[in-house]
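Down below is the structure, laid out as structure tokens.
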Amino acid sequence: MTEFKTESESAAAVPVDAAAYREAMSRLASAVHLITTDGPGGRAGFTASAVCSVSDAPPTLLVCVNRASSAYAALTQNGTLCVNTLGEGHETVAGLFGGRTPVDERFAAGTWRRLRSGAPALTDALVSFDCRIVGRHGVGSHDVLYCAVEAVAASGQADALLYSERRYRTLPRAPRSGSAPAEPARAARAVGARPAEGPALALRSA
């Protein structure tokens, strides 16, 4: 039988250092999204990577948001949001939504439309998931928002935008069935200089 070494009980009780945790999380490559909302609580938005699917029956995803975020009150009051997944060429708008840029300047950097909820959907996003918030769960400094997907729009054709090791990178799209094969094993490539503010991980939100 295989034996596994374990740390002592006292060592295991020592909490993980927050800075070390953030550094470790920076190694994870994640898609980049703009989370937007509009309604009685006002218009707001931020850049995030803490987004994932929960279920396809019914279609549901989750978004993690810091309760200290400038967008938190608007999300809570509006009860709706749109997850706009970004592609290559969206680095500038991602940086604006990830920093302390005024709301009007953030939205001036893109072209928007409305789907079902009224939340702003980025016209050239790779895909936009229009959602109604159906549940929330507080964990530490953040709320996990459970979002029922009520509309989907996929119109962007760019390579996917990723965030890894505090840099934006792009991941080439896979060829469609029947199309010419892609060049062998193209790696994700870094884009531009390291941004001053990156996407909001599960750790923080702009």
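A note on labels: chains of the structure tokens are A, B, ... as shown, every chain counts residues from 1, and ligands are counted from 1 in their shown order.
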Residue contacts of A:Ala71 (8 Å, only C-alpha atoms) excluding same-chain residues fewer than 4 positions away, as an MDAnalysis selection string: chainID A and resid 44:46 75 206
Hey, what's within 6 Å of stretch 40-42 of chain A if we count only C-alpha atoms and toss same-chain stuff fewer than 4 positions away? As a ChimeraX atom specification, please? /A:74,77-78
Rank A:Ser141, A:Ser30, A:Thr76, A:Thr170 by their smallest atom-to-atom distance to A:Thr47, using only C-alpha atoms, and report the top residue only. A:Ser30
Using only C-alpha atoms, which residues sit within 10 Å of A:Gly138 once same-chain residues fewer than 6 positions away are excluded, as an MDAnalysis selection string? chainID A and resid 64:67 144:145
Any chance you could export the current selection's N, CA and C atoms as a PDB file, in the first residue's frame?
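Below is the file that was written, selection.pdb:
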ATOM      1  N   CYS A  64     -17.398  35.652  -9.074  1.00  0.00           N
ATOM      2  CA  CYS A  64     -16.954  36.061  -7.752  1.00  0.00           C
ATOM      3  C   CYS A  64     -16.683  37.561  -7.751  1.00  0.00           C
ATOM      4  N   VAL A  65     -17.218  38.270  -6.771  1.00  0.00           N
ATOM      5  CA  VAL A  65     -17.056  39.721  -6.695  1.00  0.00           C
ATOM      6  C   VAL A  65     -16.712  40.136  -5.272  1.00  0.00           C
ATOM      7  N   ASN A  66     -15.756  41.028  -5.153  1.00  0.00           N
ATOM      8  CA  ASN A  66     -15.356  41.567  -3.860  1.00  0.00           C
ATOM      9  C   ASN A  66     -16.447  42.501  -3.350  1.00  0.00           C
ATOM     10  N   ARG A  67     -16.826  42.335  -2.092  1.00  0.00           N
ATOM     11  CA  ARG A  67     -17.858  43.204  -1.531  1.00  0.00           C
ATOM     12  C   ARG A  67     -17.394  44.653  -1.390  1.00  0.00           C
ATOM     13  N   VAL A 144     -19.943  34.904  -3.929  1.00  0.00           N
ATOM     14  CA  VAL A 144     -20.083  34.071  -5.125  1.00  0.00           C
ATOM     15  C   VAL A 144     -21.511  34.270  -5.622  1.00  0.00           C
ATOM     16  N   LEU A 145     -21.650  34.808  -6.821  1.00  0.00           N
ATOM     17  CA  LEU A 145     -22.967  35.056  -7.407  1.00  0.00           C
ATOM     18  C   LEU A 145     -23.323  33.925  -8.352  1.00  0.00           C
TER      19      LEU A 145
END
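Summary of the local environment: counting only C-alpha atoms, residues at most 12 Å from A:Leu28, other than itself and those fewer than 4 positions away along its chain, are Tyr21, Arg22, Glu23, Ala24, Ser49, Ala50, Leu162, Tyr163, Ser164, Glu165, Arg166, Arg167, Leu201 and Ala202 of chain A.
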How would the residues just chosen look if you wrote them out with all heavy atoms as a short mmCIF file (atom, residue, chain, number, x, y, z; two decimals), in the first residue's frame?
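Produced file result_35.cif, reproduced below:
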data_model
loop_
_atom_site.label_atom_id
_atom_site.label_comp_id
_atom_site.auth_asym_id
_atom_site.auth_seq_id
_atom_site.Cartn_x
_atom_site.Cartn_y
_atom_site.Cartn_z
N TYR A 21 -0.36 33.13 -1.56
CA TYR A 21 -1.53 32.61 -2.26
C TYR A 21 -1.77 33.38 -3.56
O TYR A 21 -2.03 32.78 -4.61
CB TYR A 21 -2.75 32.70 -1.35
CG TYR A 21 -4.03 32.25 -2.01
CD1 TYR A 21 -4.24 30.91 -2.34
CD2 TYR A 21 -5.04 33.16 -2.32
CE1 TYR A 21 -5.41 30.50 -2.96
CE2 TYR A 21 -6.21 32.76 -2.93
CZ TYR A 21 -6.39 31.43 -3.24
OH TYR A 21 -7.55 31.02 -3.85
N ARG A 22 -1.68 34.71 -3.50
CA ARG A 22 -1.87 35.52 -4.72
C ARG A 22 -0.82 35.18 -5.77
O ARG A 22 -1.12 35.10 -6.96
CB ARG A 22 -1.83 37.01 -4.37
CG ARG A 22 -3.06 37.51 -3.63
CD ARG A 22 -3.10 39.02 -3.61
NE ARG A 22 -1.99 39.59 -2.86
CZ ARG A 22 -2.03 39.85 -1.55
NH1 ARG A 22 -3.12 39.57 -0.85
NH2 ARG A 22 -0.99 40.39 -0.95
N GLU A 23 0.42 34.98 -5.33
CA GLU A 23 1.48 34.63 -6.26
C GLU A 23 1.20 33.27 -6.91
O GLU A 23 1.37 33.09 -8.12
CB GLU A 23 2.82 34.60 -5.54
CG GLU A 23 4.01 34.24 -6.42
CD GLU A 23 4.25 35.22 -7.55
OE1 GLU A 23 3.91 36.42 -7.39
OE2 GLU A 23 4.76 34.79 -8.60
N ALA A 24 0.76 32.31 -6.10
CA ALA A 24 0.43 31.00 -6.65
C ALA A 24 -0.73 31.09 -7.64
O ALA A 24 -0.71 30.47 -8.71
CB ALA A 24 0.08 30.04 -5.51
N SER A 49 -11.58 37.36 -13.83
CA SER A 49 -11.26 36.03 -14.34
C SER A 49 -11.96 34.96 -13.50
O SER A 49 -11.95 33.79 -13.87
CB SER A 49 -9.74 35.80 -14.34
OG SER A 49 -9.23 35.93 -13.03
N ALA A 50 -12.55 35.37 -12.37
CA ALA A 50 -13.22 34.42 -11.48
C ALA A 50 -14.64 34.15 -11.95
O ALA A 50 -15.62 34.59 -11.36
CB ALA A 50 -13.21 34.94 -10.04
N LEU A 162 -6.24 35.71 -22.55
CA LEU A 162 -5.98 35.06 -21.26
C LEU A 162 -5.20 36.00 -20.35
O LEU A 162 -4.58 36.96 -20.81
CB LEU A 162 -5.17 33.77 -21.45
CG LEU A 162 -5.73 32.68 -22.35
CD1 LEU A 162 -4.78 31.49 -22.37
CD2 LEU A 162 -7.12 32.25 -21.90
N TYR A 163 -5.23 35.70 -19.06
CA TYR A 163 -4.42 36.43 -18.09
C TYR A 163 -3.63 35.42 -17.29
O TYR A 163 -4.20 34.50 -16.67
CB TYR A 163 -5.31 37.25 -17.16
CG TYR A 163 -4.56 38.26 -16.33
CD1 TYR A 163 -3.96 39.37 -16.92
CD2 TYR A 163 -4.46 38.11 -14.95
CE1 TYR A 163 -3.28 40.31 -16.16
CE2 TYR A 163 -3.78 39.04 -14.18
CZ TYR A 163 -3.19 40.14 -14.79
OH TYR A 163 -2.52 41.07 -14.04
N SER A 164 -2.30 35.52 -17.33
CA SER A 164 -1.44 34.57 -16.64
C SER A 164 -0.14 35.26 -16.26
O SER A 164 0.43 36.00 -17.06
CB SER A 164 -1.15 33.36 -17.53
OG SER A 164 -0.25 32.47 -16.92
N GLU A 165 0.32 35.01 -15.04
CA GLU A 165 1.55 35.60 -14.53
C GLU A 165 1.55 37.12 -14.72
O GLU A 165 2.52 37.73 -15.11
CB GLU A 165 2.77 34.95 -15.18
CG GLU A 165 2.88 33.46 -14.84
CD GLU A 165 4.14 32.82 -15.36
OE1 GLU A 165 4.92 33.51 -16.06
OE2 GLU A 165 4.34 31.63 -15.07
N ARG A 166 0.37 37.70 -14.45
CA ARG A 166 0.15 39.15 -14.46
C ARG A 166 0.39 39.79 -15.82
O ARG A 166 0.78 40.95 -15.93
CB ARG A 166 1.02 39.82 -13.38
CG ARG A 166 0.69 39.32 -11.97
CD ARG A 166 1.48 40.07 -10.91
NE ARG A 166 1.05 39.65 -9.57
CZ ARG A 166 1.56 38.62 -8.92
NH1 ARG A 166 2.53 37.90 -9.47
NH2 ARG A 166 1.13 38.29 -7.71
N ARG A 167 0.14 39.03 -16.87
CA ARG A 167 0.23 39.54 -18.23
C ARG A 167 -0.96 39.05 -19.03
O ARG A 167 -1.47 37.94 -18.79
CB ARG A 167 1.51 39.08 -18.93
CG ARG A 167 2.80 39.62 -18.35
CD ARG A 167 4.00 39.05 -19.08
NE ARG A 167 4.06 39.51 -20.46
CZ ARG A 167 4.73 40.60 -20.85
NH1 ARG A 167 5.39 41.33 -19.98
NH2 ARG A 167 4.75 40.95 -22.12
N LEU A 201 -9.29 38.54 -9.82
CA LEU A 201 -9.34 37.11 -9.55
C LEU A 201 -10.37 36.90 -8.44
O LEU A 201 -11.05 37.81 -8.02
CB LEU A 201 -7.97 36.62 -9.12
CG LEU A 201 -6.84 36.81 -10.13
CD1 LEU A 201 -5.53 36.40 -9.52
CD2 LEU A 201 -7.09 36.02 -11.40
N ALA A 202 -10.45 35.69 -7.96
CA ALA A 202 -11.33 35.44 -6.83
C ALA A 202 -10.86 36.23 -5.61
O ALA A 202 -11.56 36.33 -4.63
CB ALA A 202 -11.36 33.96 -6.51
#
So that I can see what lies close to A:Thr123, please list as an mmCIF file with N, CA and C atoms, in the first residue's frame the residues with an atom at most 10 Å from it, counting only C-alpha atoms and leaving out residues fewer than 6 positions away in the same chain.
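Output file around-v5.cif follows:
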data_model
loop_
_atom_site.group_PDB
_atom_site.id
_atom_site.type_symbol
_atom_site.label_atom_id
_atom_site.label_comp_id
_atom_site.auth_asym_id
_atom_site.auth_seq_id
_atom_site.Cartn_x
_atom_site.Cartn_y
_atom_site.Cartn_z
ATOM 1 N N ASN A 84 -19.049 39.272 -20.369
ATOM 2 C CA ASN A 84 -18.536 39.485 -21.722
ATOM 3 C C ASN A 84 -17.121 38.924 -21.815
ATOM 4 N N GLY A 110 -15.893 50.970 -25.445
ATOM 5 C CA GLY A 110 -16.466 49.856 -26.198
ATOM 6 C C GLY A 110 -17.770 50.240 -26.869
ATOM 7 N N THR A 111 -18.259 49.351 -27.716
ATOM 8 C CA THR A 111 -19.570 49.504 -28.348
ATOM 9 C C THR A 111 -20.488 48.452 -27.730
ATOM 10 N N TRP A 112 -21.669 48.882 -27.298
ATOM 11 C CA TRP A 112 -22.522 48.030 -26.476
ATOM 12 C C TRP A 112 -23.904 47.847 -27.079
ATOM 13 N N ARG A 113 -24.568 46.790 -26.671
ATOM 14 C CA ARG A 113 -25.962 46.528 -27.017
ATOM 15 C C ARG A 113 -26.643 45.925 -25.800
ATOM 16 N N ARG A 114 -27.934 45.747 -25.870
ATOM 17 C CA ARG A 114 -28.689 45.108 -24.786
ATOM 18 C C ARG A 114 -29.208 43.774 -25.304
ATOM 19 N N ALA A 153 -24.962 35.565 -26.728
ATOM 20 C CA ALA A 153 -24.622 36.132 -28.035
ATOM 21 C C ALA A 153 -23.145 35.861 -28.285
ATOM 22 N N ALA A 154 -22.824 35.208 -29.389
ATOM 23 C CA ALA A 154 -21.439 34.886 -29.735
ATOM 24 C C ALA A 154 -21.150 35.445 -31.115
ATOM 25 N N SER A 155 -20.412 36.546 -31.155
ATOM 26 C CA SER A 155 -20.146 37.175 -32.451
ATOM 27 C C SER A 155 -18.678 37.449 -32.688
ATOM 28 N N GLY A 156 -17.858 37.500 -31.634
ATOM 29 C CA GLY A 156 -16.439 37.804 -31.802
ATOM 30 C C GLY A 156 -15.694 36.672 -32.496
#
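By chain and then residue number, the residues within 6 Å of A:Ile133 are Gly79, Thr80, Tyr146 and Cys147 of chain A, counting only C-alpha atoms and disregarding those fewer than 4 positions away in sequence.
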For stretch 124-131 of chain A, list every protein, DNA or RNA residue within 8 Å, evaluated using only C-alpha atoms, and leave out those in the same chain fewer than 3 positions away; present the list as a ChimeraX atom specification. /A:80-87,111,115-117,119,121,147-158,160
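In terms of minimum interatomic distance to A:Thr92, A:Leu161 ranks closest within A:Ala68, A:Leu161, A:Val54, A:Leu61, counting only C-alpha atoms.
Take the candidates A:Val16, A:Leu62, A:Val32, A:Ala174 and check each one against A:His90 using only C-alpha atoms; the shortest distance goes to A:Val32.
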Apply DSSP to the backbone of this structure and, from stretch 103-188 of chain A, keep only the residues in strand (DSSP E); write these as a ChimeraX atom specification. /A:112-114,120-122,127-139,142-153,160-164,167-171
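Secondary structure from DSSP on the backbone puts helix (DSSP H, G or I) at the following positions of stretch 69-161 of chain A: Tyr72, Ala73, Ala74, Leu75, Thr76, Gln77, Asn78, Glu91, Thr92, Val93, Ala94, Gly95, Leu96, Phe97, Gly98, Val103, Asp104, Glu105, Arg106, Phe107 and Ala108 of chain A.
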